[in-house]
Structure formats: structure tokens, C-alpha cells
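*Asks:* Following this line is target_24.cif, made up of mmCIF, C-alpha atoms:
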data_entry
loop_
_atom_site.label_atom_id
_atom_site.label_comp_id
_atom_site.auth_asym_id
_atom_site.auth_seq_id
_atom_site.Cartn_x
_atom_site.Cartn_y
_atom_site.Cartn_z
CA MET I 1 -37.01 -14.99 -14.37
CA ASP I 2 -33.60 -14.60 -12.71
CA ASP I 3 -32.57 -12.09 -15.37
CA LEU I 4 -35.77 -10.13 -14.79
CA HIS I 5 -35.15 -10.01 -11.04
CA GLY I 6 -31.56 -8.97 -11.67
CA GLU I 7 -32.75 -6.12 -13.90
CA GLU I 8 -35.14 -5.03 -11.15
CA ARG I 9 -32.46 -5.11 -8.46
CA GLU I 10 -29.85 -3.14 -10.42
CA PRO I 11 -31.88 0.13 -10.64
CA ALA I 12 -32.75 -0.23 -6.94
CA LYS I 13 -29.05 -0.61 -6.11
CA ARG I 14 -28.20 2.47 -8.18
CA ASP I 15 -31.01 4.44 -6.52
CA ARG I 16 -29.76 3.53 -3.05
CA THR I 17 -26.18 4.48 -3.94
CA ALA I 18 -27.37 7.82 -5.31
CA ARG I 19 -29.41 8.40 -2.16
CA LEU I 20 -26.44 7.68 0.10
CA MET I 21 -24.32 10.09 -1.93
CA ARG I 22 -26.98 12.79 -1.56
CA VAL I 23 -27.13 12.31 2.22
CA ALA I 24 -23.32 12.36 2.48
CA GLY I 25 -23.11 15.46 0.29
CA LEU I 26 -25.71 17.26 2.39
CA LEU I 27 -23.87 16.47 5.62
CA ALA I 28 -20.54 17.51 4.09
CA GLY I 29 -22.05 20.88 3.25
CA ASN I 30 -23.34 21.36 6.83
CA PRO I 31 -20.35 20.96 9.16
CA ASP I 32 -22.48 21.74 12.23
CA GLY I 33 -24.64 18.72 11.48
CA MET I 34 -28.34 18.30 10.65
CA ARG I 35 -31.34 16.70 12.31
CA PRO I 36 -32.68 13.60 10.52
CA ARG I 37 -36.10 15.21 10.02
CA ASP I 38 -34.43 18.20 8.27
CA ILE I 39 -32.50 15.82 6.02
CA ALA I 40 -35.76 14.02 5.22
CA GLU I 41 -37.44 17.28 4.23
CA ARG I 42 -34.53 18.45 2.08
CA LEU I 43 -34.24 15.13 0.21
CA ASP I 44 -37.94 14.20 0.20
CA MET I 45 -37.34 11.03 2.19
CA SER I 46 -38.90 9.41 5.21
CA VAL I 47 -37.18 9.94 8.56
CA ARG I 48 -36.95 6.15 8.92
CA ASN I 49 -34.96 5.87 5.67
CA VAL I 50 -32.72 8.75 6.72
CA TYR I 51 -31.73 6.87 9.89
CA ARG I 52 -31.06 3.75 7.82
CA ASP I 53 -28.85 5.69 5.42
CA LEU I 54 -26.95 7.41 8.24
CA HIS I 55 -26.08 4.04 9.76
CA ALA I 56 -25.20 2.67 6.29
CA LEU I 57 -22.78 5.55 5.68
CA GLU I 58 -20.96 4.56 8.86
CA SER I 59 -21.10 0.74 8.66
CA GLU I 60 -20.94 0.13 4.89
CA VAL I 61 -19.33 3.22 3.34
CA ARG I 62 -17.16 3.73 6.47
CA LEU I 63 -17.58 7.48 6.58
CA PRO I 64 -16.74 8.80 10.07
CA THR I 65 -20.14 10.13 11.21
CA TRP I 66 -20.96 11.75 14.54
CA SER I 67 -24.22 12.18 16.46
CA GLU I 68 -24.80 14.67 19.26
CA GLY I 69 -27.84 16.46 20.59
CA GLY I 70 -30.06 14.96 17.92
CA ARG I 71 -27.85 16.21 15.09
CA TRP I 72 -25.79 14.07 12.71
CA GLY I 73 -22.70 15.05 10.79
CA ILE I 74 -19.50 13.87 9.09
CA LEU I 75 -16.09 14.58 10.56
CA GLY I 76 -14.33 17.39 8.71
CA ASP I 77 -11.46 15.22 7.45
CA ALA I 78 -13.75 12.69 5.77
CA PHE I 79 -13.46 14.45 2.41
CA LEU I 80 -10.33 15.86 0.85
CA PRO I 81 -10.65 18.89 -1.46
CA PRO I 82 -11.11 17.97 -5.15
CA LEU I 83 -8.03 17.77 -7.33
CA LYS I 84 -7.72 19.81 -10.50
CA LEU I 85 -5.34 17.88 -12.73
CA THR I 86 -4.03 18.62 -16.17
CA LEU I 87 -4.20 15.73 -18.63
CA ALA I 88 -0.50 15.02 -18.15
CA GLU I 89 -0.90 15.04 -14.36
CA ALA I 90 -3.94 12.77 -14.55
CA MET I 91 -1.94 10.38 -16.75
CA ALA I 92 0.85 10.29 -14.16
CA VAL I 93 -1.62 9.45 -11.38
CA PHE I 94 -3.26 6.83 -13.60
CA LEU I 95 0.08 5.14 -14.34
CA GLY I 96 0.91 5.04 -10.65
CA ALA I 97 -2.45 3.45 -9.88
CA ARG I 98 -1.94 0.98 -12.75
CA LEU I 99 1.26 -0.20 -11.11
CA MET I 100 -0.70 -0.78 -7.92
CA VAL I 101 -3.25 -2.88 -9.80
CA ARG I 102 -0.54 -4.95 -11.48
CA TYR I 103 1.13 -5.77 -8.19
CA ALA I 104 -1.92 -5.98 -5.91
CA ASP I 105 -2.69 -9.54 -4.82
CA LYS I 106 -6.05 -8.66 -3.27
CA TYR I 107 -8.99 -6.32 -3.91
CA ASP I 108 -8.51 -2.80 -2.56
CA PRO I 109 -11.83 -0.91 -2.27
CA TYR I 110 -10.07 2.42 -1.79
CA LEU I 111 -7.98 1.96 -4.93
CA ALA I 112 -11.15 1.07 -6.83
CA SER I 113 -12.90 4.18 -5.52
CA ALA I 114 -9.92 6.37 -6.47
CA PHE I 115 -9.99 4.93 -9.99
CA GLU I 116 -13.68 5.72 -10.36
CA LYS I 117 -13.18 9.33 -9.26
CA LEU I 118 -10.16 9.74 -11.50
CA ALA I 119 -12.07 8.37 -14.48
CA ALA I 120 -14.62 11.17 -14.25
CA ALA I 121 -11.96 13.73 -15.25
CA LEU I 122 -10.34 11.76 -18.07
CA PRO I 123 -11.00 11.66 -21.83
CA ASP I 124 -12.71 8.60 -23.28
CA ALA I 125 -9.51 6.78 -24.27
CA LEU I 126 -8.05 6.89 -20.76
CA ARG I 127 -11.45 6.22 -19.19
CA GLU I 128 -11.57 2.91 -21.07
CA HIS I 129 -8.21 1.93 -19.58
CA VAL I 130 -9.52 2.80 -16.12
CA ALA I 131 -12.56 0.59 -16.69
CA ARG I 132 -10.34 -2.33 -17.72
CA SER I 133 -8.14 -1.78 -14.67
CA LEU I 134 -11.22 -1.91 -12.45
CA ASP I 135 -12.26 -5.18 -14.12
CA VAL I 136 -8.87 -6.69 -13.26
CA LEU I 137 -9.03 -5.40 -9.69
CA GLN I 138 -12.59 -6.68 -9.29
CA ASP I 139 -11.41 -10.27 -9.85
CA ALA I 140 -8.85 -10.12 -7.02
CA PRO I 141 -9.70 -11.92 -3.76
CA ARG I 142 -11.29 -9.95 -0.90
CA ASP I 143 -9.75 -9.49 2.53
CA PRO I 144 -11.96 -7.20 4.65
CA ALA I 145 -9.67 -7.37 7.70
CA PHE I 146 -6.66 -6.30 5.63
CA SER I 147 -8.60 -3.39 4.07
CA ASP I 148 -9.76 -2.25 7.50
CA HIS I 149 -6.20 -2.37 8.86
CA VAL I 150 -4.94 -0.29 5.92
CA ARG I 151 -7.71 2.24 6.58
CA LEU I 152 -6.83 2.56 10.28
CA LEU I 153 -3.08 2.77 9.63
CA THR I 154 -3.64 5.42 6.96
CA LYS I 155 -5.72 7.44 9.42
CA ALA I 156 -3.02 7.15 12.10
CA TRP I 157 -0.30 8.09 9.61
CA ALA I 158 -2.22 11.13 8.33
CA GLU I 159 -3.04 12.32 11.86
CA ARG I 160 0.41 11.42 13.29
CA ARG I 161 -1.03 9.22 16.00
CA VAL I 162 0.66 6.23 17.63
CA VAL I 163 -0.85 2.80 16.92
CA GLU I 164 -0.86 -0.43 18.88
CA ILE I 165 -0.71 -3.54 16.70
CA VAL I 166 -0.76 -7.27 17.27
CA TYR I 167 1.85 -8.67 14.89
CA GLU I 168 2.49 -12.23 13.73
CA GLY I 169 6.18 -12.63 12.96
CA ALA I 170 7.23 -14.64 9.91
CA ALA I 171 8.03 -18.33 10.31
CA TYR I 172 11.75 -18.95 9.91
CA GLU I 173 13.62 -22.21 9.30
CA GLY I 174 10.67 -24.32 10.39
CA ARG I 175 9.94 -22.29 13.53
CA PRO I 176 6.51 -20.63 13.78
CA GLY I 177 6.37 -16.86 13.93
CA GLU I 178 6.06 -15.15 17.29
CA ARG I 179 2.95 -13.07 18.04
CA SER I 180 3.59 -9.82 19.90
CA THR I 181 1.94 -6.50 20.71
CA ARG I 182 3.89 -3.50 19.41
CA THR I 183 3.55 0.25 19.89
CA VAL I 184 4.49 1.98 16.64
CA ARG I 185 4.77 5.51 15.28
CA PRO I 186 3.64 5.09 11.64
CA PHE I 187 6.03 6.94 9.33
CA LEU I 188 5.14 5.40 5.95
CA ILE I 189 2.98 2.80 4.21
CA GLU I 190 4.92 1.38 1.28
CA PRO I 191 4.14 -1.20 -1.43
CA SER I 192 6.72 -3.85 -2.30
CA LEU I 193 7.45 -4.84 -5.89
CA GLN I 194 9.10 -8.08 -4.77
CA THR I 195 6.41 -9.46 -2.45
CA HIS I 196 3.31 -7.71 -3.89
CA ALA I 197 2.44 -6.63 -0.34
CA LEU I 198 2.01 -3.46 1.73
CA TYR I 199 4.33 -2.62 4.60
CA LEU I 200 4.15 -0.29 7.58
CA ILE I 201 7.46 1.47 8.26
CA GLY I 202 7.71 3.17 11.62
CA TRP I 203 9.41 3.57 14.96
CA ASP I 204 8.86 0.57 17.22
CA GLU I 205 8.76 2.01 20.73
CA ASP I 206 9.13 -1.45 22.28
CA ARG I 207 12.36 -2.12 20.33
CA ASP I 208 13.45 1.55 20.32
CA ALA I 209 14.31 1.26 16.62
CA MET I 210 12.95 1.61 13.10
CA ARG I 211 11.04 -1.50 12.04
CA THR I 212 9.18 -2.79 8.97
CA PHE I 213 5.89 -4.64 9.40
CA LYS I 214 4.10 -6.57 6.66
CA ILE I 215 0.48 -5.44 6.93
CA GLU I 216 -0.83 -8.90 5.98
CA ARG I 217 0.73 -10.17 9.24
CA ILE I 218 -0.94 -7.52 11.40
CA ARG I 219 -3.81 -9.16 13.30
CA GLU I 220 -5.20 -6.15 15.19
CA VAL I 221 -4.86 -2.36 14.94
CA ARG I 222 -5.79 0.24 17.53
CA VAL I 223 -5.29 3.94 16.84
CA THR I 224 -4.42 5.72 20.08
CA ALA I 225 -5.00 9.36 20.98
CA ARG I 226 -1.27 9.90 21.56
CA PRO I 227 0.41 12.11 18.91
CA PHE I 228 4.02 11.83 17.77
CA GLU I 229 6.49 14.10 16.06
CA PRO I 230 7.65 12.95 12.61
CA PRO I 231 11.32 12.06 12.20
CA GLU I 232 13.76 14.47 10.68
CA GLY I 233 13.36 14.26 6.92
CA ALA I 234 17.07 13.76 6.30
CA THR I 235 17.26 10.83 8.73
CA LEU I 236 14.25 9.01 7.30
CA GLU I 237 15.34 9.71 3.73
CA ARG I 238 18.81 8.33 4.42
CA ASP I 239 17.40 5.10 5.87
CA LEU I 240 14.95 4.63 3.00
CA ARG I 241 17.58 5.26 0.33
CA ARG I 242 19.59 2.34 1.68
CA GLY I 243 16.62 -0.02 1.41
CA TRP I 244 16.67 -2.27 -1.65
CA ASP I 245 12.90 -2.68 -1.72
CA ILE I 246 11.13 -2.16 1.62
CA ILE I 247 13.48 -3.14 4.43
CA ALA I 248 15.26 -0.05 5.76
CA ASP I 249 16.00 -1.14 9.33
CA GLN I 250 19.01 -3.43 8.77
CA PRO I 251 22.71 -2.50 9.11
CA ALA I 252 24.22 -0.65 6.16
CA THR I 253 26.12 -3.17 4.02
CA GLU I 254 28.50 -2.53 1.13
CA VAL I 255 27.68 -4.95 -1.72
CA VAL I 256 30.11 -5.44 -4.61
CA LEU I 257 29.17 -7.58 -7.62
CA ARG I 258 30.86 -8.56 -10.88
CA PHE I 259 28.55 -9.00 -13.87
CA LEU I 260 29.87 -10.98 -16.82
CA PRO I 261 30.17 -9.30 -20.26
CA ALA I 262 27.05 -11.15 -21.52
CA VAL I 263 24.77 -9.08 -19.26
CA ALA I 264 26.94 -6.05 -18.49
CA ASP I 265 25.10 -3.75 -20.92
CA ARG I 266 21.68 -4.70 -19.55
CA VAL I 267 22.82 -4.08 -15.99
CA ALA I 268 24.48 -0.76 -16.84
CA GLU I 269 21.46 0.72 -18.61
CA THR I 270 19.26 0.63 -15.48
CA THR I 271 19.56 2.36 -12.12
CA TRP I 272 18.78 -0.52 -9.77
CA HIS I 273 19.54 1.37 -6.57
CA SER I 274 19.84 5.06 -5.78
CA LEU I 275 23.33 4.63 -4.28
CA GLN I 276 24.80 2.35 -6.94
CA ARG I 277 28.15 2.95 -8.66
CA THR I 278 29.38 1.06 -11.71
CA GLU I 279 32.77 0.56 -13.32
CA ARG I 280 33.49 -1.06 -16.68
CA GLN I 281 36.37 -3.54 -16.83
CA ALA I 282 38.79 -4.16 -19.70
CA ASP I 283 37.32 -7.63 -20.31
CA GLY I 284 33.81 -6.19 -20.79
CA SER I 285 32.52 -7.16 -17.35
CA LEU I 286 30.92 -4.66 -14.97
CA ILE I 287 31.73 -4.00 -11.32
CA TRP I 288 28.55 -2.91 -9.53
CA ARG I 289 28.56 -1.64 -5.95
CA SER I 290 26.11 -0.01 -3.56
CA THR I 291 25.36 0.39 0.15
CA VAL I 292 22.08 -1.32 1.06
CA SER I 293 20.08 -2.11 4.19
CA GLY I 294 21.06 -5.71 4.92
CA VAL I 295 21.30 -8.42 2.25
CA ILE I 296 17.92 -10.20 2.48
CA GLU I 297 16.23 -8.36 -0.38
CA ILE I 298 19.18 -7.82 -2.70
CA ARG I 299 20.04 -11.52 -2.48
CA LEU I 300 16.88 -12.36 -4.45
CA TRP I 301 17.90 -9.91 -7.18
CA ILE I 302 21.41 -11.34 -7.35
CA LEU I 303 20.06 -14.88 -7.71
CA SER I 304 17.81 -13.76 -10.58
CA TRP I 305 20.97 -13.22 -12.71
CA GLY I 306 22.01 -16.86 -12.31
CA GLU I 307 25.53 -17.69 -13.46
CA ASP I 308 26.13 -14.22 -14.95
CA VAL I 309 26.96 -12.54 -11.64
CA GLU I 310 29.55 -13.12 -8.93
CA VAL I 311 29.37 -11.72 -5.39
CA LEU I 312 32.69 -10.14 -4.39
CA GLN I 313 31.62 -8.46 -1.14
CA PRO I 314 30.55 -8.98 1.62
CA PRO I 315 31.98 -12.45 2.34
CA GLU I 316 28.87 -13.71 4.14
CA LEU I 317 26.66 -12.86 1.15
CA ARG I 318 29.10 -14.62 -1.19
CA VAL I 319 28.83 -17.75 1.00
CA GLN I 320 25.02 -17.56 1.13
CA VAL I 321 24.61 -17.22 -2.64
CA GLY I 322 27.16 -19.98 -3.26
CA GLU I 323 25.34 -22.38 -0.92
CA ILE I 324 21.96 -21.64 -2.53
CA LEU I 325 23.35 -22.26 -6.03
CA ARG I 326 25.08 -25.48 -4.92
CA ARG I 327 21.85 -26.84 -3.42
CA ALA I 328 19.97 -25.90 -6.58
CA ALA I 329 22.59 -27.63 -8.74
CA MET I 330 22.28 -30.80 -6.66
CA ARG I 331 18.50 -30.73 -7.02
CA TYR I 332 18.84 -30.61 -10.81
CA ALA I 333 21.78 -33.04 -11.02
CA ASP I 334 19.61 -35.88 -12.36
#
Take the structure in this file and express it as C-alpha cells.

*Replies:*
Amino acid sequence: MDDLHGEEREPAKRDRTARLMRVAGLLAGNPDGMRPRDIAERLDMSVRNVYRDLHALESEVRLPTWSEGGRWGILGDAFLPPLKLTLAEAMAVFLGARLMVRYADKYDPYLASAFEKLAAALPDALREHVARSLDVLQDAPRDPAFSDHVRLLTKAWAERRVVEIVYEGAAYEGRPGERSTRTVRPFLIEPSLQTHALYLIGWDEDRDAMRTFKIERIREVRVTARPFEPPEGATLERDLRRGWDIIADQPATEVVLRFLPAVADRVAETTWHSLQRTERQADGSLIWRSTVSGVIEIRLWILSWGEDVEVLQPPELRVQVGEILRRAAMRYAD
């Protein structure tokens, strides 16, 4: 009986989805809006169901609808123009989205929707990969508050509008994080390969400096009506190039490492940082150097090479890595 009811519900769900798409498409094609009774006549629906669908488009689908003088419509920026991609371009977009799926630690409804739209323009072989990617994404945990914050921050970034956020700082050395209200000009939203998280990079007006905010720690988002001018491209690009992963707001630090001959070839064959420089030594070792934003993120990478790397500069990073390795050695002494 349960299977029978499930079979009955599935067509109804598809019918409702198709109906919502028809209503949204009709409103998108009438930028001046339409009266619900006119929508009902065009789509052969009851006026009561039209009102239900209009509210569903706003509350469930999250399309920005408006209502004035008895007419309903969708804000002009709700839909972007369709993309016309070559197969090679579609493959490039698909691979980028695949990386997002691999590193996402929670379900992203917008990524899922993008995959579905992309799949429509792909040949069968790639469409199967898209379907499998959606299956993986579907199993990830849900976080509606996080998804809503990403949506609001994306809107503010696209419209160049200042946001006010309530931010929970990270706990450090046993001390709880501090909660604060910040006024931020959103410059970028960036994913991190190290933490599998999304970050907001922008100008913190309260600190009068560039800051990086982990979106999972943002508790509230309010998009203000106040616009802002984007930073000079060269300035922002310079700061981001120094970042090892996400953090771009720390002092520029020259890091010099010595990799032992056992791993020198593996290190040399990859560009780990856009500013890196390498120099082979007579004994087969490799001197690696680069200017990065602080040492927090690169320290994790250095530790991943274990005993095959030695920090030469800066002195404070050499001390930090040495202390970490000594504590680890003591833990494994038995």
C-alpha cells in the first residue's frame, strides 16, 4: 500500500513542479506583471491555485516576487540569460562543479539546480556523470540557514551592496569565540580546499581592513541598501595571490623551505603557490620559497610532508613546526 501511495504522490509532485515552472515562466515573460485571474486564464488554473503557487515561488523556490496594484511579477534579475556552451566549455564547467561536490560538506540546493540545468545541454555520457554527482550531493547533510546566508551574500556581492553580519569568531586555545556585528563590503565568496568550507572575503568597515569570514560561522545576514565601489583590481589581485588557500588579510611573509632529495621531484613538478620559486641543490634537495599571507595555512601543508621538509625561514614558523613535531613524537613515544 505504501508503494502505491508513493506512486500516486510522485506524479502529483511532478505536476506541481511543472505548474510552478509555467507560472514562473509566464511572469518572467511579462516584466510589468500580471493579475492572478489573467494567469489563471492563460494556464487554465483556478485563481485560488494561482495565489498558492505565487506564494510558493517566493517561500519555497525563493524567487524574488513583487506585488503591486493587484499585479504580480518577478524581479528582473531573478533569471540570468541562458548560456550557450560548446561541449568543451560545458566539460570545463562540469569539472569545476565536480570539484565543488567533492569538497562540499553539506547539501547545496543551488549547486544541485545548476547541475540539473547543465545536464540538459550535455550528451548522454556526461549526463550520466551529472546524475551520479547529484546522487552524491543528495546524501550530504542539509543546513537551510547556511544556504540562505550564501544566497543573501551572493545577492549583495552581485549588486555591490554592503552587508551587516553577526559573526561567531573561532574558539582559540580553549577560549570561546567572540560574537560581534560587522559591516562588510563583500568582494568575493571563495571555497577552501583545506577546510571544505565557503568564505566571505571583504572589507570590514569596523576594522578598516580586509577580512576573511567563514560563512558557517555567520549567524545572521542583512543586505543593506548602501552601495559600495569595488576595490582596484590590482590591489585585490595582489592580496589574493599572497593567500595560500583563503586567508589574504595577514602580513606578507617570506617562507623558505628545504625539501629532502626523496621528495624533491614531487615538490618540483607542481606549482603549489603562484609566487613560488625553486632552486635545486647539489645534494639533490630543493629550496622552495614564496611570499604568503601569514603562516597559518601553509603550516598545515608543511606538516603534511613530515620529516622530508625543513623550515629555514621565518624563524617563528621554524619554532612552531618544531614544537608541533616534538609534541607528536612524545605522543607516539610508547

*Asks:* Asp249 in chain I: which residues within 10 Å, counting only C-alpha atoms, same-chain residues fewer than 4 positions away excluded, as a PyMOL selection string?

*Replies:* chain I and resi 201-203+209-212+239-240+242-243+293-294

*Asks:* Could you jot down the CA of Pro251 in chain I to CA of Ala156 in chain I separation for me, Å, one decimal place?

*Replies:*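 Value for the CA of Pro251 in chain I-CA of Ala156 in chain I distance: 27.6 Å.
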
*Asks:* Given all atoms listed in the file as the basis, pick out the residue of I:Leu26, I:Met34, I:Ala252, I:Leu20 nearest to Thr291 in chain I.

*Replies:*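 Checking each candidate against Thr291 in chain I, we get I:Ala252 as the closest.
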
*Asks:* What separation in Å, quoted to one decimal, exists between CA of Trp66 in chain I and CA of Leu200 in chain I?

*Replies:*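 Calculated distance between CA of Trp66 in chain I and CA of Leu200 in chain I is 28.7 Å.
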
*Asks:* Report, in Å to a single decimal, how far apart CA of Pro191 in chain I and CA of Asp139 in chain I are.

*Replies:*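 Separation of CA of Asp139 in chain I and CA of Pro191 in chain I: 19.9 Å.
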
*Asks:* Do you know which residues the PyMOL selection byres ((chain I and resi 106) around 12) returns on this file, as a ChimeraX atom specification?

*Replies:* /I:100-105,107-112,136-147,196-198,216

*Asks:* Could you write those residues out with C-alpha atoms, as a PDB file, in the coordinates of the input?

*Replies:*
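Now in part_18.pdb:
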ATOM      1  CA  MET I 100      -0.700  -0.780  -7.920  1.00  0.00           C
ATOM      2  CA  VAL I 101      -3.250  -2.880  -9.800  1.00  0.00           C
ATOM      3  CA  ARG I 102      -0.540  -4.950 -11.480  1.00  0.00           C
ATOM      4  CA  TYR I 103       1.130  -5.770  -8.190  1.00  0.00           C
ATOM      5  CA  ALA I 104      -1.920  -5.980  -5.910  1.00  0.00           C
ATOM      6  CA  ASP I 105      -2.690  -9.540  -4.820  1.00  0.00           C
ATOM      7  CA  TYR I 107      -8.990  -6.320  -3.910  1.00  0.00           C
ATOM      8  CA  ASP I 108      -8.510  -2.800  -2.560  1.00  0.00           C
ATOM      9  CA  PRO I 109     -11.830  -0.910  -2.270  1.00  0.00           C
ATOM     10  CA  TYR I 110     -10.070   2.420  -1.790  1.00  0.00           C
ATOM     11  CA  LEU I 111      -7.980   1.960  -4.930  1.00  0.00           C
ATOM     12  CA  ALA I 112     -11.150   1.070  -6.830  1.00  0.00           C
ATOM     13  CA  VAL I 136      -8.870  -6.690 -13.260  1.00  0.00           C
ATOM     14  CA  LEU I 137      -9.030  -5.400  -9.690  1.00  0.00           C
ATOM     15  CA  GLN I 138     -12.590  -6.680  -9.290  1.00  0.00           C
ATOM     16  CA  ASP I 139     -11.410 -10.270  -9.850  1.00  0.00           C
ATOM     17  CA  ALA I 140      -8.850 -10.120  -7.020  1.00  0.00           C
ATOM     18  CA  PRO I 141      -9.700 -11.920  -3.760  1.00  0.00           C
ATOM     19  CA  ARG I 142     -11.290  -9.950  -0.900  1.00  0.00           C
ATOM     20  CA  ASP I 143      -9.750  -9.490   2.530  1.00  0.00           C
ATOM     21  CA  PRO I 144     -11.960  -7.200   4.650  1.00  0.00           C
ATOM     22  CA  ALA I 145      -9.670  -7.370   7.700  1.00  0.00           C
ATOM     23  CA  PHE I 146      -6.660  -6.300   5.630  1.00  0.00           C
ATOM     24  CA  SER I 147      -8.600  -3.390   4.070  1.00  0.00           C
ATOM     25  CA  HIS I 196       3.310  -7.710  -3.890  1.00  0.00           C
ATOM     26  CA  ALA I 197       2.440  -6.630  -0.340  1.00  0.00           C
ATOM     27  CA  LEU I 198       2.010  -3.460   1.730  1.00  0.00           C
ATOM     28  CA  GLU I 216      -0.830  -8.900   5.980  1.00  0.00           C
TER      29      GLU I 216
END

*Asks:* I want to know what sits within 10 Å of Pro31 in chain I, based on all atoms listed in the file, with residues of the same chain fewer than 6 positions away left out; could you give that as a PyMOL selection string?

*Replies:* chain I and resi 72-76

*Asks:* Name the residues that the PyMOL selection byres ((chain I and resi 157) around 12) picks from the file above, as a PyMOL selection string, using the file's chain letters and numbers.

*Replies:* chain I and resi 150-156+158-163+184-190+200-203+223-224+227-230

*Asks:* Residues of the last selection are to be written out with C-alpha atoms, as a short mmCIF file (atom, residue, chain, number, x, y, z; two decimals), keeping the file's coordinate frame.

*Replies:*
data_model
loop_
_atom_site.label_atom_id
_atom_site.label_comp_id
_atom_site.auth_asym_id
_atom_site.auth_seq_id
_atom_site.Cartn_x
_atom_site.Cartn_y
_atom_site.Cartn_z
CA VAL I 150 -4.94 -0.29 5.92
CA ARG I 151 -7.71 2.24 6.58
CA LEU I 152 -6.83 2.56 10.28
CA LEU I 153 -3.08 2.77 9.63
CA THR I 154 -3.64 5.42 6.96
CA LYS I 155 -5.72 7.44 9.42
CA ALA I 156 -3.02 7.15 12.10
CA ALA I 158 -2.22 11.13 8.33
CA GLU I 159 -3.04 12.32 11.86
CA ARG I 160 0.41 11.42 13.29
CA ARG I 161 -1.03 9.22 16.00
CA VAL I 162 0.66 6.23 17.63
CA VAL I 163 -0.85 2.80 16.92
CA VAL I 184 4.49 1.98 16.64
CA ARG I 185 4.77 5.51 15.28
CA PRO I 186 3.64 5.09 11.64
CA PHE I 187 6.03 6.94 9.33
CA LEU I 188 5.14 5.40 5.95
CA ILE I 189 2.98 2.80 4.21
CA GLU I 190 4.92 1.38 1.28
CA LEU I 200 4.15 -0.29 7.58
CA ILE I 201 7.46 1.47 8.26
CA GLY I 202 7.71 3.17 11.62
CA TRP I 203 9.41 3.57 14.96
CA VAL I 223 -5.29 3.94 16.84
CA THR I 224 -4.42 5.72 20.08
CA PRO I 227 0.41 12.11 18.91
CA PHE I 228 4.02 11.83 17.77
CA GLU I 229 6.49 14.10 16.06
CA PRO I 230 7.65 12.95 12.61
#

*Asks:* Nearest to Lys214 in chain I among I:Glu168, I:Glu323, I:Asp32, I:Glu60, with distances taken over all atoms listed in the file: which residue is it?

*Replies:*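 The closest residue to Lys214 in chain I is I:Glu168.
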
*Asks:* Just say which residues the PyMOL selection byres ((chain I and resi 56) around 12) picks in this file, as a list in words.

*Replies:*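 So the PyMOL selection byres ((chain I and resi 56) around 12) ends up selecting Arg16, Thr17, Arg19, Leu20, Met21, Val23, Ala24, Asn49, Val50, Tyr51, Arg52, Asp53, Leu54, His55, Leu57, Glu58, Ser59, Glu60, Val61, Arg62, Leu63, Pro64 and Thr65 of chain I.
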
*Asks:* With distances taken over only C-alpha atoms, which residue among I:Ser290, I:Asp308, I:Arg71, I:Arg222 lies nearest Pro261 in chain I?

*Replies:*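 For Pro261 in chain I, the nearest of the candidates is I:Asp308.
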
*Asks:* When you look at range 311-319 of chain I with a cut-off of 8 Å (counting all atoms listed in the file), what residues show up, excluding the ones that are within fewer than 2 positions of it in the same chain? I need them as JSON, numbers by chain.

*Replies:* {"I": [253, 254, 255, 256, 257, 258, 295, 299, 309, 321, 322, 323]}

*Asks:* Could you please take those selected residues and save C-alpha atoms as a PDB file, in the coordinates of the input?

*Replies:*
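What follows is the written file again.pdb:
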ATOM      1  CA  THR I 253      26.120  -3.170   4.020  1.00  0.00           C
ATOM      2  CA  GLU I 254      28.500  -2.530   1.130  1.00  0.00           C
ATOM      3  CA  VAL I 255      27.680  -4.950  -1.720  1.00  0.00           C
ATOM      4  CA  VAL I 256      30.110  -5.440  -4.610  1.00  0.00           C
ATOM      5  CA  LEU I 257      29.170  -7.580  -7.620  1.00  0.00           C
ATOM      6  CA  ARG I 258      30.860  -8.560 -10.880  1.00  0.00           C
ATOM      7  CA  VAL I 295      21.300  -8.420   2.250  1.00  0.00           C
ATOM      8  CA  ARG I 299      20.040 -11.520  -2.480  1.00  0.00           C
ATOM      9  CA  VAL I 309      26.960 -12.540 -11.640  1.00  0.00           C
ATOM     10  CA  VAL I 321      24.610 -17.220  -2.640  1.00  0.00           C
ATOM     11  CA  GLY I 322      27.160 -19.980  -3.260  1.00  0.00           C
ATOM     12  CA  GLU I 323      25.340 -22.380  -0.920  1.00  0.00           C
TER      13      GLU I 323
END

*Asks:* What's the 10 Å shell around Ala268 in chain I, counting all atoms listed in the file, without same-chain residues fewer than 6 positions away, as a list of chain:residue names?

*Replies:*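 Everything that qualifies: I:Phe259, I:Arg277, I:Thr278, I:Glu279, I:Arg280, I:Leu286, I:Ile287, I:Trp288.
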
*Asks:* Keeping C-alpha atoms for every residue in the selection just given, could you write it to a file as a short mmCIF file (atom, residue, chain, number, x, y, z; two decimals), in the coordinates of the input?

*Replies:*
data_model
loop_
_atom_site.label_atom_id
_atom_site.label_comp_id
_atom_site.auth_asym_id
_atom_site.auth_seq_id
_atom_site.Cartn_x
_atom_site.Cartn_y
_atom_site.Cartn_z
CA PHE I 259 28.55 -9.00 -13.87
CA ARG I 277 28.15 2.95 -8.66
CA THR I 278 29.38 1.06 -11.71
CA GLU I 279 32.77 0.56 -13.32
CA ARG I 280 33.49 -1.06 -16.68
CA LEU I 286 30.92 -4.66 -14.97
CA ILE I 287 31.73 -4.00 -11.32
CA TRP I 288 28.55 -2.91 -9.53
#

*Asks:* Can you work out which one of I:Ala88, I:Val221, I:Leu134, I:Ile246 has the shortest atom-to-atom distance to Ile165 in chain I, counting all atoms listed in the file?

*Replies:*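 The shortest atom-to-atom distance to Ile165 in chain I comes from I:Val221.
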
*Asks:* Smallest atom-to-atom distance to Gln276 in chain I: which of I:Trp305, I:Phe94, I:Trp244, I:Tyr167, using only C-alpha atoms?

*Replies:*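 Of I:Trp305, I:Phe94, I:Trp244, I:Tyr167, the one nearest Gln276 in chain I is I:Trp244, counting only C-alpha atoms.
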
*Asks:* Box for range 175-192 of chain I - axis-aligned, 5 Å on each of the six sides, all listed atoms - centre and size in Å to one decimal, as AutoDock Vina command-line options.

*Replies:*
--center_x 5.9 --center_y -7.7 --center_z 9.2 --size_x 18.0 --size_y 39.2 --size_z 33.0
